Amino acid sequence: MHRIIKEKLPRHIAIIMDGNGRWAKKNLLKRVMGHEKGADSVRTVVKTCRELGIQYLTLFAFSVENWQRPKSEVRALSSLLEEYLRLELQEMKETGIKLITIGDIGRLPKTVRDALSDAMGKTSESRGMVLNLALSYGGRDEIVDAVKRILRDSKSTDIDENTITKDFFSGYLHTANIPDPDLLIRTSGEYRLSNFLLWQLAYAELYFTDVLWPDFSRDDLIKAIVDYQRRERRFGLISE
Ligand code: FPP
């Protein structure tokens, strides 16, 4: 079994959960079944991260591009999310998980928004791990949104060219209060960022695996973390 070095855990893991559709096809099932099985992988990964002591976990659950999928699939994903929130709320509270979201939440159906604000309200005091769900999220949209808000604020406060530093700008992103991911995992053998956390992933270690998301297990997660721990992060500097 692989060994994880407790002192070198990534503080923040971000995951592009890909391959639900292909998993369903491979198993001669409807796409929705792939998402259902994918939701089980979400449960496993959240639990494992919490147990290991990961501080932040961001999951790409629904992209702005995903709105273009058939209505029935979008509805199925919404129901799965609602169900997840309802069923996991108690455990989130008990294990100290704080739920937050990034993305254009306003576009989600009212029932999902209500379930989200209920779960966020009831876990807001948790201090164990932050579970950040990216919903109706797009990295470029987030950056454009930040620029617009800076412009708006510049009309009422004195923001000028010199005010705009990288830290200042980060403060306008949806991830304002959380550190950048240290490790990005993408499943299903695709080697793309797909508009996910474009600004925040600048220095992240990237880990790609052929495993389809519904098959992604506790051991697969541990393997990714061990791989991360073997790498040397230099942030553009030299080793000495
Ligand atoms: C990618 O598979 C996955 C998604 C678009 C949605 C992710 C959703 C879940 C894992 C389930 C619900 C989420 C939570 C948080 C409970 P794909 O459909 O793009 O797969 P494909 O590329 O093989 O078609």
# chains A, B, ... in the order shown; residues from 1 in each chain; ligands from 1
$ residues_around --residues "segment 125-138 of chain A" --least-positions-apart "6" --cutoff "8 Å" --atoms "only C-alpha atoms" --output "count of residues only"
34
$ residues_near_ligand --ligand "ligand 1" --cutoff "7 Å" --atoms "only C-alpha atoms and all ligand atoms" --output "VMD selection string"
chain A and resid 17 to 23 35 to 36 38 to 39 42 60 to 62 66 77 80 to 81 84 133
$ closest_residue --among "A:Leu193, A:Ala119, A:Leu9, A:Leu173" --to "Ala224 of chain A" --atoms "only C-alpha atoms"
A:Leu9
$ residues_around --residues "segment 166-169 of chain A" --least-positions-apart "4" --cutoff "9 Å" --atoms "only C-alpha atoms" --output "list in words"
Ala146, Val147, Ile150, Leu173 and Ala176 of chain A
$ write_last_selection --atoms "all heavy atoms" --output "PDB file, in the first residue's frame"
ATOM      1  N   ALA A 146     -15.130  39.338 -12.038  1.00  0.00           N
ATOM      2  CA  ALA A 146     -14.264  40.072 -11.104  1.00  0.00           C
ATOM      3  C   ALA A 146     -13.945  41.460 -11.667  1.00  0.00           C
ATOM      4  O   ALA A 146     -14.021  42.468 -10.952  1.00  0.00           O
ATOM      5  CB  ALA A 146     -12.981  39.285 -10.859  1.00  0.00           C
ATOM      6  N   VAL A 147     -13.610  41.511 -12.959  1.00  0.00           N
ATOM      7  CA  VAL A 147     -13.276  42.804 -13.589  1.00  0.00           C
ATOM      8  C   VAL A 147     -14.473  43.759 -13.492  1.00  0.00           C
ATOM      9  O   VAL A 147     -14.332  44.929 -13.132  1.00  0.00           O
ATOM     10  CB  VAL A 147     -12.852  42.603 -15.061  1.00  0.00           C
ATOM     11  CG1 VAL A 147     -12.664  43.950 -15.761  1.00  0.00           C
ATOM     12  CG2 VAL A 147     -11.573  41.771 -15.151  1.00  0.00           C
ATOM     13  N   ILE A 150     -14.823  45.077  -9.965  1.00  0.00           N
ATOM     14  CA  ILE A 150     -13.788  46.057  -9.634  1.00  0.00           C
ATOM     15  C   ILE A 150     -14.172  47.406 -10.247  1.00  0.00           C
ATOM     16  O   ILE A 150     -14.093  48.464  -9.612  1.00  0.00           O
ATOM     17  CB  ILE A 150     -12.399  45.591 -10.134  1.00  0.00           C
ATOM     18  CG1 ILE A 150     -11.935  44.363  -9.328  1.00  0.00           C
ATOM     19  CG2 ILE A 150     -11.371  46.721 -10.029  1.00  0.00           C
ATOM     20  CD1 ILE A 150     -10.668  43.691  -9.829  1.00  0.00           C
ATOM     21  N   LEU A 173     -12.315  37.211  -6.880  1.00  0.00           N
ATOM     22  CA  LEU A 173     -12.742  35.935  -7.476  1.00  0.00           C
ATOM     23  C   LEU A 173     -13.705  35.226  -6.512  1.00  0.00           C
ATOM     24  O   LEU A 173     -13.772  35.572  -5.331  1.00  0.00           O
ATOM     25  CB  LEU A 173     -11.521  35.059  -7.767  1.00  0.00           C
ATOM     26  CG  LEU A 173     -10.567  35.626  -8.834  1.00  0.00           C
ATOM     27  CD1 LEU A 173      -9.280  34.814  -8.903  1.00  0.00           C
ATOM     28  CD2 LEU A 173     -11.239  35.693 -10.205  1.00  0.00           C
ATOM     29  N   ALA A 176     -12.344  33.932  -3.205  1.00  0.00           N
ATOM     30  CA  ALA A 176     -11.653  34.969  -2.436  1.00  0.00           C
ATOM     31  C   ALA A 176     -11.049  34.495  -1.106  1.00  0.00           C
ATOM     32  O   ALA A 176      -9.938  34.879  -0.777  1.00  0.00           O
ATOM     33  CB  ALA A 176     -12.593  36.133  -2.190  1.00  0.00           C
TER      34      ALA A 176
END
$ select_by_dssp --residues "segment 105-211 of chain A" --states "helix (DSSP H, G or I)" --output "PyMOL selection string"
chain A and resi 105-107+110-123+139-154+166-170
$ atom_distance --atom1 "atom CA of Ile13 of chain A" --atom2 "atom CA of Leu184 of chain A"
6.0 Å
$ atom_distance --atom1 "atom CA of Thr165 of chain A" --atom2 "atom CA of Ser239 of chain A"
27.2 Å
$ select_by_dssp --residues "segment 194-227 of chain A" --states "strand (DSSP E)" --output "VMD selection string"
chain A and resid 205 to 208
$ write_last_selection --atoms "C-alpha atoms" --output "compact mmCIF listing (two decimals), in the first residue's frame"
# COMPACT_ATOMS: atom_id res chain seq x y z
CA GLU A 205 0.46 20.09 -9.64
CA LEU A 206 -1.64 18.39 -12.31
CA TYR A 207 -2.56 14.72 -12.01
CA PHE A 208 -4.37 12.85 -14.75
$ atom_distance --atom1 "atom CA of Glu91 of chain A" --atom2 "atom CA of Trp213 of chain A"
22.4 Å
